[in-house]
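**Student:** What follows is my_file32.cif, mmCIF, C-alpha atoms and all ligand atoms.
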```
data_input
#
loop_
_atom_site.label_atom_id
_atom_site.label_comp_id
_atom_site.auth_asym_id
_atom_site.auth_seq_id
_atom_site.Cartn_x
_atom_site.Cartn_y
_atom_site.Cartn_z
CA MET L 1 -12.16 9.75 -10.36
CA LYS L 2 -12.26 11.83 -7.19
CA PRO L 3 -11.52 9.51 -4.27
CA ILE L 4 -12.55 12.11 -1.69
CA SER L 5 -15.86 13.13 -3.22
CA GLY L 6 -18.86 12.19 -1.03
CA LYS L 7 -16.69 11.06 1.88
CA GLN L 8 -17.32 11.91 5.54
CA ILE L 9 -14.10 13.18 7.07
CA VAL L 10 -13.49 14.10 10.69
CA LEU L 11 -10.69 16.63 11.06
CA GLY L 12 -9.01 16.73 14.47
CA VAL L 13 -7.15 19.92 15.30
CA CYS L 14 -4.66 20.17 18.18
CA GLY L 15 -2.90 23.14 19.73
CA GLY L 16 0.01 24.15 17.57
CA ILE L 17 1.06 27.14 15.49
CA ALA L 18 0.26 25.08 12.39
CA ALA L 19 -3.44 24.91 13.38
CA TYR L 20 -4.11 27.71 10.89
CA LYS L 21 -3.16 25.31 8.07
CA SER L 22 -6.05 23.05 9.12
CA VAL L 23 -8.47 25.70 7.89
CA GLU L 24 -6.95 25.39 4.41
CA LEU L 25 -7.03 21.60 4.64
CA LEU L 26 -10.72 21.73 5.53
CA ARG L 27 -11.38 23.87 2.46
CA LEU L 28 -9.46 21.47 0.21
CA PHE L 29 -11.51 18.51 1.46
CA GLN L 30 -14.71 20.43 0.90
CA LYS L 31 -13.71 21.56 -2.56
CA ALA L 32 -13.15 17.91 -3.44
CA GLY L 33 -16.71 17.12 -2.35
CA ALA L 34 -16.20 15.78 1.20
CA ASP L 35 -18.37 16.56 4.21
CA VAL L 36 -16.03 17.56 7.03
CA LYS L 37 -16.69 17.78 10.76
CA VAL L 38 -14.13 19.31 13.09
CA VAL L 39 -13.05 18.22 16.56
CA MET L 40 -10.77 20.59 18.47
CA THR L 41 -8.72 20.07 21.61
CA GLU L 42 -8.93 22.75 24.25
CA ASN L 43 -5.46 24.00 23.39
CA ALA L 44 -6.27 24.22 19.68
CA GLN L 45 -8.81 26.89 20.51
CA GLN L 46 -5.95 29.10 21.74
CA PHE L 47 -4.64 29.18 18.18
CA VAL L 48 -7.74 29.28 15.95
CA GLY L 49 -11.29 30.09 17.04
CA SER L 50 -13.84 27.32 16.71
CA MET L 51 -16.15 29.81 14.94
CA THR L 52 -13.87 29.72 11.89
CA PHE L 53 -14.17 25.94 11.59
CA GLU L 54 -17.87 26.05 12.38
CA ALA L 55 -18.58 28.59 9.67
CA ILE L 56 -16.53 26.80 7.03
CA SER L 57 -17.53 23.23 7.84
CA GLY L 58 -21.21 24.05 8.31
CA HIS L 59 -21.29 21.82 11.41
CA PRO L 60 -20.89 22.54 15.11
CA VAL L 61 -17.35 21.98 16.32
CA PHE L 62 -16.98 19.15 18.82
CA ARG L 63 -14.94 20.63 21.67
CA GLU L 64 -15.95 19.11 24.96
CA MET L 65 -17.49 15.87 26.14
CA TYR L 66 -19.62 17.37 28.89
CA GLY L 67 -21.12 20.68 29.77
CA GLY L 68 -21.89 21.77 26.23
CA ASN L 69 -24.95 21.21 24.13
CA PRO L 70 -26.83 18.02 25.22
CA ASP L 71 -26.80 16.90 21.54
CA ALA L 72 -23.07 16.66 21.84
CA GLN L 73 -23.13 13.91 24.40
CA MET L 74 -23.07 10.98 21.98
CA ARG L 75 -21.21 12.85 19.27
CA HIS L 76 -17.99 10.94 19.89
CA ILE L 77 -19.78 7.74 18.86
CA ALA L 78 -22.00 9.15 16.11
CA TRP L 79 -19.18 11.03 14.37
CA ALA L 80 -16.74 8.15 14.77
CA GLU L 81 -19.19 5.69 13.23
CA ALA L 82 -20.09 7.94 10.31
CA ALA L 83 -16.48 8.79 9.43
CA ASP L 84 -14.82 7.38 6.33
CA ALA L 85 -11.52 8.70 7.69
CA VAL L 86 -10.21 10.79 10.55
CA VAL L 87 -7.30 13.14 9.99
CA ILE L 88 -5.48 14.83 12.88
CA ALA L 89 -3.52 17.85 11.66
CA PRO L 90 -1.60 19.19 13.42
CA ALA L 91 -1.02 16.37 15.91
CA THR L 92 0.96 17.38 19.00
CA ALA L 93 3.30 15.22 21.07
CA ASN L 94 0.57 15.18 23.69
CA ILE L 95 -2.15 13.67 21.48
CA ILE L 96 0.33 11.19 19.99
CA GLY L 97 1.22 10.04 23.50
CA LYS L 98 -2.40 9.74 24.54
CA LEU L 99 -3.51 7.84 21.44
CA ALA L 100 -0.57 5.45 21.67
CA ASN L 101 -1.73 4.56 25.17
CA GLY L 102 -5.48 4.49 24.68
CA ILE L 103 -6.12 7.49 26.89
CA ALA L 104 -9.48 9.18 26.40
CA ASP L 105 -9.71 12.37 28.43
CA ASP L 106 -11.23 14.87 25.99
CA ALA L 107 -13.49 15.02 22.93
CA LEU L 108 -10.84 14.13 20.34
CA THR L 109 -9.13 11.29 22.21
CA THR L 110 -12.47 9.77 23.19
CA LEU L 111 -13.77 9.90 19.63
CA MET L 112 -10.54 8.34 18.33
CA LEU L 113 -11.08 5.22 20.42
CA ALA L 114 -14.43 4.68 18.71
CA VAL L 115 -13.10 5.13 15.13
CA THR L 116 -12.77 2.05 12.94
CA ALA L 117 -12.14 3.94 9.66
CA PRO L 118 -8.60 4.86 8.50
CA LYS L 119 -6.81 7.23 10.88
CA ILE L 120 -4.25 9.65 9.49
CA ILE L 121 -2.05 11.60 11.82
CA CYS L 122 0.21 14.55 10.94
CA PRO L 123 2.75 15.26 13.71
CA SER L 124 3.92 18.85 14.00
CA MET L 125 6.21 20.15 16.76
CA ASN L 126 9.68 21.41 17.60
CA THR L 127 12.46 19.21 16.15
CA HIS L 128 13.82 18.10 19.52
CA MET L 129 10.34 17.20 20.69
CA TYR L 130 9.72 15.27 17.47
CA GLU L 131 13.02 13.42 17.79
CA ASN L 132 12.45 12.66 21.47
CA ARG L 133 12.52 8.92 22.02
CA ALA L 134 9.17 8.88 23.79
CA VAL L 135 7.48 10.61 20.83
CA GLN L 136 9.18 8.31 18.32
CA ARG L 137 8.21 5.28 20.39
CA ASN L 138 4.60 6.46 20.50
CA LEU L 139 4.59 7.03 16.73
CA ASP L 140 5.90 3.49 16.22
CA VAL L 141 3.08 2.20 18.40
CA LEU L 142 0.52 4.14 16.36
CA GLU L 143 1.99 2.87 13.10
CA GLY L 144 1.77 -0.66 14.44
CA ASP L 145 -1.86 0.01 15.35
CA GLY L 146 -2.59 0.86 11.72
CA TYR L 147 -2.43 4.63 11.78
CA VAL L 148 -1.13 6.34 8.63
CA ILE L 149 1.61 8.72 9.78
CA VAL L 150 2.27 11.68 7.49
CA ASP L 151 5.88 12.54 8.30
CA PRO L 152 6.54 16.20 9.04
CA GLY L 153 8.61 18.26 6.64
CA GLU L 154 11.95 19.86 7.40
CA GLY L 155 12.63 23.56 7.50
CA GLU L 156 12.51 26.59 9.68
CA LEU L 157 10.01 26.09 12.49
CA ALA L 158 7.92 28.69 14.26
CA CYS L 159 10.09 28.29 17.37
CA GLY L 160 13.13 29.41 15.36
CA SER L 161 14.85 26.03 15.15
CA VAL L 162 15.55 24.29 11.86
CA GLY L 163 14.81 20.61 11.30
CA ALA L 164 12.00 18.07 11.10
CA GLY L 165 8.67 19.02 12.64
CA ARG L 166 6.89 21.25 10.15
CA LEU L 167 3.33 20.35 9.29
CA PRO L 168 3.38 19.52 5.56
CA GLU L 169 1.44 21.82 3.25
CA PRO L 170 -2.33 21.17 3.20
CA GLU L 171 -2.14 20.03 -0.45
CA TYR L 172 0.32 17.30 0.51
CA ILE L 173 -1.83 16.10 3.43
CA PHE L 174 -4.86 16.15 1.13
CA ASP L 175 -3.03 13.94 -1.37
CA ARG L 176 -2.05 11.45 1.30
CA VAL L 177 -5.66 11.21 2.47
CA ALA L 178 -6.83 10.78 -1.13
CA GLY L 179 -4.27 7.97 -1.42
CA VAL L 180 -5.86 6.18 1.54
CA PHE L 181 -9.23 6.26 -0.25
CA SER L 182 -7.93 5.03 -3.60
CA PRO L 183 -8.90 1.48 -4.58
CA LYS L 184 -5.93 -0.89 -4.31
CA ASP L 185 -6.59 -2.54 -7.65
CA PHE L 186 -2.91 -2.34 -8.72
CA LYS L 187 -1.61 -4.23 -5.70
CA GLY L 188 1.00 -6.76 -6.77
CA LYS L 189 1.61 -4.97 -10.09
CA ARG L 190 5.02 -3.53 -10.90
CA VAL L 191 4.68 -0.31 -12.83
CA LEU L 192 7.52 1.52 -14.55
CA VAL L 193 6.79 5.14 -15.49
CA THR L 194 8.97 7.66 -17.29
CA ALA L 195 8.45 11.38 -16.95
CA GLY L 196 9.86 14.78 -17.77
CA PRO L 197 12.13 16.01 -20.53
CA THR L 198 15.64 14.85 -21.35
CA ARG L 199 18.60 17.17 -21.84
CA GLU L 200 21.10 16.69 -24.62
CA PHE L 201 24.22 18.66 -23.83
CA ILE L 202 26.18 20.53 -26.49
CA ASP L 203 28.85 21.67 -24.03
CA PRO L 204 28.93 21.79 -20.19
CA VAL L 205 26.59 24.79 -20.03
CA ARG L 206 24.20 24.34 -22.98
CA PHE L 207 21.68 21.71 -23.86
CA VAL L 208 18.79 20.91 -26.20
CA SER L 209 15.55 20.05 -24.40
CA ASN L 210 11.79 20.64 -24.45
CA PRO L 211 9.28 22.32 -22.10
CA SER L 212 7.92 19.09 -20.50
CA SER L 213 7.26 19.75 -16.81
CA GLY L 214 6.96 16.09 -15.84
CA LYS L 215 3.57 16.73 -14.22
CA MET L 216 1.65 14.12 -16.24
CA GLY L 217 4.21 11.36 -15.63
CA TYR L 218 4.42 12.16 -11.92
CA ALA L 219 0.62 12.10 -11.73
CA VAL L 220 0.60 8.63 -13.33
CA ALA L 221 3.28 7.40 -10.89
CA LYS L 222 1.39 8.82 -7.92
CA ALA L 223 -1.96 7.39 -9.01
CA ALA L 224 -0.43 3.93 -9.52
CA ALA L 225 1.29 4.06 -6.10
CA ASP L 226 -1.94 5.20 -4.44
CA ARG L 227 -3.66 2.21 -6.03
CA GLY L 228 -1.20 -0.20 -4.50
CA ALA L 229 1.35 -0.69 -7.32
CA ASP L 230 5.07 -1.02 -6.80
CA VAL L 231 6.17 2.01 -8.82
CA THR L 232 9.53 2.99 -10.28
CA LEU L 233 9.70 6.43 -11.86
CA VAL L 234 12.54 7.13 -14.28
CA SER L 235 12.60 10.88 -14.40
CA GLY L 236 14.36 13.48 -16.49
CA PRO L 237 15.15 16.82 -14.80
CA THR L 238 12.03 18.33 -13.21
CA GLY L 239 11.42 20.50 -10.17
CA LEU L 240 8.81 18.09 -8.82
CA GLU L 241 8.70 16.24 -5.50
CA THR L 242 8.81 12.45 -5.69
CA PRO L 243 5.29 11.17 -4.98
CA PHE L 244 4.93 9.26 -1.73
CA GLY L 245 5.80 5.58 -2.02
CA VAL L 246 7.43 5.92 -5.46
CA ARG L 247 11.00 4.79 -6.19
CA ARG L 248 12.66 7.44 -8.36
CA VAL L 249 15.63 7.05 -10.66
CA ASP L 250 17.04 10.33 -11.99
CA VAL L 251 18.45 10.56 -15.51
CA VAL L 252 19.43 13.47 -17.71
CA SER L 253 19.89 12.41 -21.34
CA ALA L 254 17.87 10.19 -23.67
CA ALA L 255 20.74 7.67 -23.61
CA GLU L 256 20.64 7.52 -19.80
CA MET L 257 16.86 7.13 -19.86
CA ALA L 258 17.15 4.31 -22.39
CA GLU L 259 19.69 2.52 -20.22
CA ALA L 260 17.64 2.95 -17.02
CA VAL L 261 14.39 1.80 -18.63
CA LEU L 262 15.72 -1.12 -20.65
CA ALA L 263 17.58 -2.43 -17.59
CA ARG L 264 14.33 -2.47 -15.62
CA MET L 265 11.84 -3.64 -18.25
CA ASN L 266 11.95 -7.29 -17.25
CA ASP L 267 10.93 -6.40 -13.71
CA ALA L 268 7.86 -4.49 -14.86
CA ASP L 269 4.32 -5.66 -15.59
CA ILE L 270 3.17 -2.32 -16.97
CA ILE L 271 5.35 0.33 -18.60
CA ILE L 272 3.91 3.81 -19.14
CA LYS L 273 6.17 6.10 -21.14
CA VAL L 274 5.11 9.65 -20.50
CA ALA L 275 8.56 11.25 -20.87
CA ALA L 276 9.22 13.69 -23.68
CA VAL L 277 12.43 12.11 -24.89
CA ALA L 278 14.70 14.04 -27.24
CA ASP L 279 14.77 12.48 -30.69
CA TYR L 280 18.17 13.97 -31.51
CA THR L 281 21.38 14.54 -29.59
CA PRO L 282 24.49 16.50 -30.63
CA MET L 283 26.99 14.27 -32.42
CA GLU L 284 29.80 15.86 -30.49
CA LYS L 285 29.71 17.16 -26.96
CA ALA L 286 32.45 19.66 -26.16
CA ASN L 287 33.89 19.21 -22.71
CA TYR L 288 34.66 22.93 -22.51
CA LYS L 289 32.34 25.91 -22.93
CA ILE L 290 32.15 26.73 -26.63
CA LYS L 291 33.24 30.35 -27.14
CA LYS L 292 31.18 32.62 -29.37
CA THR L 293 32.60 33.92 -32.63
CA ASP L 294 31.22 36.51 -35.05
CA GLY L 295 29.74 33.92 -37.39
CA GLY L 296 26.82 31.53 -36.85
CA ILE L 297 27.08 28.03 -35.51
CA SER L 298 25.59 24.78 -36.55
CA VAL L 299 25.31 21.69 -34.42
CA SER L 300 25.13 18.31 -36.07
CA MET L 301 22.69 16.01 -34.36
CA GLU L 302 22.13 12.28 -34.51
CA ARG L 303 19.13 10.15 -33.60
CA THR L 304 18.66 8.90 -30.05
CA VAL L 305 17.36 5.44 -29.31
CA ASP L 306 13.56 5.36 -29.53
CA ILE L 307 13.09 3.71 -26.14
CA LEU L 308 9.48 2.81 -26.78
CA VAL L 309 10.25 1.16 -30.12
CA GLU L 310 12.93 -0.85 -28.34
CA LEU L 311 10.52 -1.83 -25.55
CA GLY L 312 7.92 -2.81 -28.13
CA ARG L 313 10.45 -4.98 -29.91
CA ARG L 314 11.71 -6.73 -26.76
CA LYS L 315 8.49 -7.00 -24.77
CA THR L 316 7.48 -10.39 -23.43
CA HIS L 317 4.63 -10.01 -20.95
CA GLN L 318 4.61 -6.26 -20.35
CA ILE L 319 1.68 -3.97 -21.04
CA LEU L 320 3.09 -1.03 -22.96
CA VAL L 321 1.49 2.39 -22.91
CA GLY L 322 2.85 5.39 -24.78
CA PHE L 323 2.05 9.03 -25.16
CA ALA L 324 1.86 10.99 -28.38
CA ALA L 325 2.48 14.70 -28.19
CA GLU L 326 1.16 16.20 -31.40
CA THR L 327 0.42 19.61 -32.81
CA GLN L 328 -1.80 18.29 -35.62
CA ASP L 329 -3.48 15.14 -37.02
CA LEU L 330 -3.72 13.62 -33.55
CA LYS L 331 -5.69 10.51 -34.46
CA LYS L 332 -3.64 9.59 -37.50
CA ASN L 333 -0.28 10.16 -35.78
CA ALA L 334 -1.27 8.46 -32.53
CA LEU L 335 -2.60 5.34 -34.28
CA GLU L 336 0.52 5.19 -36.40
CA LYS L 337 2.74 5.33 -33.27
CA LEU L 338 0.59 2.72 -31.50
CA LYS L 339 1.17 0.28 -34.33
CA ARG L 340 4.79 1.08 -35.12
CA LYS L 341 5.87 0.91 -31.45
CA ASN L 342 3.84 -2.28 -30.72
CA LEU L 343 1.84 -0.65 -27.89
CA ASP L 344 -1.31 -1.76 -26.09
CA MET L 345 -2.59 1.77 -25.70
CA ILE L 346 -1.50 5.31 -26.50
CA ALA L 347 -2.63 8.58 -24.96
CA GLY L 348 -2.58 11.44 -27.41
CA ASN L 349 -2.73 15.11 -26.67
CA LEU L 350 -2.42 18.27 -28.63
CA VAL L 351 0.43 20.12 -27.01
CA ASN L 352 -0.35 23.43 -28.66
CA ASP L 353 -3.73 23.60 -26.89
CA SER L 354 -3.83 25.79 -23.74
CA SER L 355 -5.88 23.22 -21.77
CA SER L 356 -3.45 20.47 -22.54
CA GLY L 357 0.21 19.81 -22.92
CA PHE L 358 3.57 20.59 -21.50
CA ASN L 359 3.32 22.84 -18.48
CA SER L 360 -0.40 22.89 -17.85
CA ASP L 361 -2.06 21.38 -14.75
CA THR L 362 -4.83 19.93 -16.87
CA ASN L 363 -4.85 17.69 -19.88
CA LYS L 364 -7.28 16.76 -22.61
CA LEU L 365 -6.30 13.23 -23.51
CA ASN L 366 -7.51 10.90 -26.20
CA PHE L 367 -6.96 7.21 -25.69
CA PHE L 368 -6.35 4.95 -28.69
CA TYR L 369 -6.42 1.19 -28.42
CA LYS L 370 -4.99 -1.69 -30.45
CA ASP L 371 -8.36 -2.53 -32.02
CA GLY L 372 -8.47 0.94 -33.59
CA SER L 373 -11.07 2.31 -31.18
CA MET L 374 -10.61 5.62 -29.43
CA GLU L 375 -12.00 7.58 -26.53
CA GLU L 376 -11.96 11.34 -26.04
CA LEU L 377 -11.64 12.53 -22.44
CA PRO L 378 -12.84 15.96 -21.36
CA GLU L 379 -10.34 18.44 -19.95
CA MET L 380 -9.41 17.36 -16.42
CA ASP L 381 -6.54 17.75 -13.99
CA LYS L 382 -3.59 15.52 -14.73
CA GLU L 383 -4.11 13.36 -11.66
CA ALA L 384 -7.72 12.62 -12.58
CA ALA L 385 -6.59 11.85 -16.14
CA ALA L 386 -3.94 9.48 -14.71
CA HIS L 387 -6.62 7.61 -12.75
CA VAL L 388 -8.83 7.25 -15.83
CA MET L 389 -5.83 5.90 -17.71
CA LEU L 390 -5.27 3.28 -14.99
CA ASP L 391 -8.99 2.45 -15.03
CA ARG L 392 -8.74 1.76 -18.76
CA ILE L 393 -5.57 -0.31 -18.41
CA THR L 394 -7.54 -2.48 -15.99
CA SER L 395 -10.79 -2.68 -17.93
CA ARG L 396 -9.59 -2.69 -21.54
CA ILE L 397 -6.22 -4.44 -21.39
CA ILE L 398 -5.76 -6.55 -18.24
CA ARG L 399 -9.30 -8.02 -18.20
CA ARG L 400 -9.21 -9.03 -21.86
N1 LIG S 501 9.73 8.04 -27.04
C1 LIG S 501 10.77 7.24 -26.60
N2 LIG S 501 12.03 7.46 -27.05
C2 LIG S 501 12.31 8.45 -27.92
C3 LIG S 501 11.24 9.29 -28.37
C4 LIG S 501 9.97 9.04 -27.91
O1 LIG S 501 10.53 6.33 -25.81
N3 LIG S 501 13.55 8.66 -28.32
C5 LIG S 501 8.37 7.76 -26.53
C6 LIG S 501 7.78 8.83 -25.67
O2 LIG S 501 8.07 8.60 -24.29
C7 LIG S 501 6.29 8.70 -25.94
C8 LIG S 501 6.24 8.19 -27.37
O3 LIG S 501 7.53 7.66 -27.64
O4 LIG S 501 5.67 7.74 -25.13
C9 LIG S 501 5.88 9.22 -28.41
O5 LIG S 501 6.72 10.32 -28.31
P1 LIG S 501 6.55 11.54 -29.31
O6 LIG S 501 7.58 12.58 -28.99
O7 LIG S 501 5.11 11.96 -29.38
O8 LIG S 501 6.81 10.87 -30.69
P2 LIG S 501 8.05 10.42 -31.48
O9 LIG S 501 8.04 8.92 -31.54
O10 LIG S 501 9.30 11.04 -30.96
O11 LIG S 501 7.70 10.93 -32.94
P3 LIG S 501 7.67 12.40 -33.56
O12 LIG S 501 8.61 13.23 -32.73
O13 LIG S 501 8.10 12.19 -34.94
O14 LIG S 501 6.24 12.85 -33.43
#
```
Please, can you express the file's structure as structure tokens?

**Tutor:**
Amino acid sequence: MKPISGKQIVLGVCGGIAAYKSVELLRLFQKAGADVKVVMTENAQQFVGSMTFEAISGHPVFREMYGGNPDAQMRHIAWAEAADAVVIAPATANIIGKLANGIADDALTTLMLAVTAPKIICPSMNTHMYENRAVQRNLDVLEGDGYVIVDPGEGELACGSVGAGRLPEPEYIFDRVAGVFSPKDFKGKRVLVTAGPTREFIDPVRFVSNPSSGKMGYAVAKAAADRGADVTLVSGPTGLETPFGVRRVDVVSAAEMAEAVLARMNDADIIIKVAAVADYTPMEKANYKIKKTDGGISVSMERTVDILVELGRRKTHQILVGFAAETQDLKKNALEKLKRKNLDMIAGNLVNDSSSGFNSDTNKLNFFYKDGSMEELPEMDKEAAAHVMLDRITSRIIRR
């Protein structure tokens, strides 16, 4: 599912150093299949030429209400009515102030008054300007008026100061807009997702783990949150950002993951276990760094709790979805796990395939259901695969 495909997006660009990032954002929308039209403020044109946006968007850029092309005269209404969403990135303190007060004194502010579709605004400015009470008050007004505010990131700003005010990366803004378009079919559902690897420490500086990146689990959490679910993500160590709107609980070992998940299972309607949990943990964990000697070393390991088996045993009302990472005999192994762990559905993938598995951005999943049926998905990015998985949970499990 591509929530942005076929959508009409109006991209508003204001005068800020970050205006160059809007070009990348435009390209991302287009790559996802949207038709994008650009409106620029007068100051924006000091930073990026309108020709750039015109050439890439394939549409004239709307820059001034009067004096330009006569076709442009009703553009503020025509574009506003056709839009499925309007995104302003970067949004300056000036535009935020004007929109909060209903002022319409240029092309962008006039068009905004006529928009009834979702409005997404991405503030970007110097930290002190961003923290200024007037700007914060105006942002509160906009939020109350139904605008989606994409908070700026923190970091070094173009003006040399460090703090909040950076325009988030185009990929992040893109994801937030995609989230606005997602159906809200999981509203009211509480979803518990696990992701990433676990680490089983041998001593303070060494552990046994696996190459799971956490990307698939994070994609599932993000997709569920975008679709309106209340999502808790129990995550092993990963380098990934917490998806917007997701509550994250960090754990390290399989034992910690078991404790975190089992404590929360009764508050969940759907549990999706994507994590690559270690099956064994060292029997003894040294609390000092083990020194090397000339000979070899052997580490005795014992079994960890199989969290999914435990969930399957204790489940009352929860829908339980597992993953099966296999290197061979996918169907046989996945169906066996589905049955043994008392699951409603299992997603199997071959982790030794380059298009699928641990660190890849794409996955080639196979879904297996309780009635023995299966479905083979083509290779797709992990977020798209996550959405298909949620589609199937709705159509094949919840509606039954
Ligand atoms: N799982 C779990 N707790 C464990 C091991 C696995 O909850 N201690 C869950 C995983 O999160 C996944 C499913 O069980 O959803 C299957 O994991 P996988 O590693 O494919 O299988 P295992 O059950 O560990 O079996 P094997 O390693 O023998 O293939």

**Student:** Just the residues within 7 Å of L:Leu11, please, counting all atoms listed in the file, with nothing from its chain fewer than 2 positions along; format it as a VMD selection string.

**Tutor:** chain L and resid 9 13 36 to 39 86 to 88

**Student:** Please determine, counting only C-alpha atoms and all ligand atoms, which residue among L:Ile297, L:Val193, L:Ile77, L:Met265 has the shortest atom-to-atom distance to ligand LIG 501 (chain S).

**Tutor:** L:Val193

**Student:** Residues of chain L within 6 Å of ligand LIG 501 (chain S): nearest atom pair and distance (Å, one decimal) for each, counting only C-alpha atoms and all ligand atoms, sorted by chain and number, as a Markdown table?

**Tutor:**
```
| residue | atom | partner | partner_atom | distance |
| --- | --- | --- | --- | --- |
| L:Lys273 | CA | S:LIG501 | O4 | 4.3 |
| L:Val274 | CA | S:LIG501 | O2 | 4.9 |
| L:Ala275 | CA | S:LIG501 | O2 | 4.4 |
| L:Ala276 | CA | S:LIG501 | O2 | 5.3 |
| L:Val277 | CA | S:LIG501 | C3 | 4.6 |
| L:Ala278 | CA | S:LIG501 | N3 | 5.6 |
| L:Asp279 | CA | S:LIG501 | N3 | 4.7 |
| L:Thr304 | CA | S:LIG501 | N3 | 5.4 |
| L:Val305 | CA | S:LIG501 | N3 | 5.1 |
| L:Asp306 | CA | S:LIG501 | N3 | 3.5 |
| L:Ile307 | CA | S:LIG501 | O1 | 3.7 |
| L:Leu308 | CA | S:LIG501 | O1 | 3.8 |
| L:Gly322 | CA | S:LIG501 | O4 | 3.7 |
| L:Phe323 | CA | S:LIG501 | O4 | 3.8 |
| L:Ala324 | CA | S:LIG501 | O7 | 3.5 |
| L:Ala325 | CA | S:LIG501 | O7 | 4.0 |
```

**Student:** What does the file look like for those residues with C-alpha atoms, as a compact mmCIF listing (two decimals), in the coordinates of the input?

**Tutor:**
```
# COMPACT_ATOMS: atom_id res chain seq x y z
CA LYS L 273 6.17 6.10 -21.14
CA VAL L 274 5.11 9.65 -20.50
CA ALA L 275 8.56 11.25 -20.87
CA ALA L 276 9.22 13.69 -23.68
CA VAL L 277 12.43 12.11 -24.89
CA ALA L 278 14.70 14.04 -27.24
CA ASP L 279 14.77 12.48 -30.69
CA THR L 304 18.66 8.90 -30.05
CA VAL L 305 17.36 5.44 -29.31
CA ASP L 306 13.56 5.36 -29.53
CA ILE L 307 13.09 3.71 -26.14
CA LEU L 308 9.48 2.81 -26.78
CA GLY L 322 2.85 5.39 -24.78
CA PHE L 323 2.05 9.03 -25.16
CA ALA L 324 1.86 10.99 -28.38
CA ALA L 325 2.48 14.70 -28.19
```

**Student:** Mind checking which residues fall within 7 Å of L:Asn287, counting all atoms listed in the file, ignoring those fewer than 2 positions away in the same chain, and posting them as a CSV table (one decimal) with C-alpha atoms, in the frame of the given file?

**Tutor:**
```
chain,number,residue,atom,x,y,z
L,203,ASP,CA,28.8,21.7,-24.0
L,204,PRO,CA,28.9,21.8,-20.2
L,285,LYS,CA,29.7,17.2,-27.0
L,289,LYS,CA,32.3,25.9,-22.9
```

**Student:** Residues within 7 Å of stretch 360-369 of chain L, please, as a PDB file with C-alpha atoms, in the coordinates of the input. Count all atoms listed in the file; anything in the same chain fewer than 4 positions from it doesn't count.

**Tutor:**
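Written out: around_12.pdb:
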```pdb
ATOM      1  CA  LEU L 335      -2.600   5.340 -34.280  1.00  0.00           C
ATOM      2  CA  ASP L 344      -1.310  -1.760 -26.090  1.00  0.00           C
ATOM      3  CA  MET L 345      -2.590   1.770 -25.700  1.00  0.00           C
ATOM      4  CA  ILE L 346      -1.500   5.310 -26.500  1.00  0.00           C
ATOM      5  CA  ALA L 347      -2.630   8.580 -24.960  1.00  0.00           C
ATOM      6  CA  GLY L 348      -2.580  11.440 -27.410  1.00  0.00           C
ATOM      7  CA  ASN L 349      -2.730  15.110 -26.670  1.00  0.00           C
ATOM      8  CA  SER L 355      -5.880  23.220 -21.770  1.00  0.00           C
ATOM      9  CA  SER L 356      -3.450  20.470 -22.540  1.00  0.00           C
ATOM     10  CA  SER L 373     -11.070   2.310 -31.180  1.00  0.00           C
ATOM     11  CA  MET L 374     -10.610   5.620 -29.430  1.00  0.00           C
ATOM     12  CA  GLU L 375     -12.000   7.580 -26.530  1.00  0.00           C
ATOM     13  CA  GLU L 376     -11.960  11.340 -26.040  1.00  0.00           C
ATOM     14  CA  LEU L 377     -11.640  12.530 -22.440  1.00  0.00           C
ATOM     15  CA  PRO L 378     -12.840  15.960 -21.360  1.00  0.00           C
ATOM     16  CA  GLU L 379     -10.340  18.440 -19.950  1.00  0.00           C
ATOM     17  CA  MET L 380      -9.410  17.360 -16.420  1.00  0.00           C
ATOM     18  CA  ASP L 381      -6.540  17.750 -13.990  1.00  0.00           C
ATOM     19  CA  LYS L 382      -3.590  15.520 -14.730  1.00  0.00           C
TER      20      LYS L 382
END
```

**Student:** Would you give me, as a Markdown table, each residue of stretch 43-120 of chain L having an atom within 8 Å of an atom of stretch 137-144 of chain L, along with its shortest atom pair and that distance in Å to one decimal, using all atoms listed in the file and sorting by chain and residue number?

**Tutor:**
```
| residue | atom | partner | partner_atom | distance |
| --- | --- | --- | --- | --- |
| L:Ile96 | CA | L:Asn138 | CA | 6.4 |
| L:Gly97 | CA | L:Asn138 | CA | 5.8 |
| L:Leu99 | CA | L:Leu142 | CA | 7.5 |
| L:Ala100 | CA | L:Asn138 | CA | 5.4 |
```

**Student:** So that I can check the surroundings of L:Gly102, please list as a list of chain:residue names every protein, DNA and RNA residue that reaches within 10 Å of it, counting only C-alpha atoms and ignoring chain neighbours fewer than 6 positions away.

**Tutor:** L:Thr109, L:Thr110, L:Met112, L:Leu113

**Student:** Nearest to L:Cys159 among L:Asn266, L:Glu54, L:Thr127, L:Ile173, with distances taken over all atoms listed in the file: which residue is it?

**Tutor:**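 Result for the nearest residue to L:Cys159: L:Thr127.
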
**Student:** For L:Ile95, which of L:Leu26, L:Val220, L:Met40, L:Met51 is the closest residue, counting only C-alpha atoms?

**Tutor:**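 Closest to L:Ile95 of all the choices is L:Met40.
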
**Student:** Near L:Val261, counting all atoms listed in the file, which residues have an atom at most 9 Å away, once you skip same-chain residues fewer than 3 positions from it, shown as a VMD selection string?

**Tutor:** chain L and resid 192 to 194 234 256 to 258 264 to 265 307 311

**Student:** So how many Å separate atom CA of L:Gln318 and atom CA of L:Lys337, to one decimal?

**Tutor:**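 Those two atoms sit 17.5 Å apart.
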
**Student:** So, counting only C-alpha atoms, which residue among L:Ala229, L:Ala44, L:Leu157, L:Ala117 is closest to L:Val191?

**Tutor:** L:Ala229
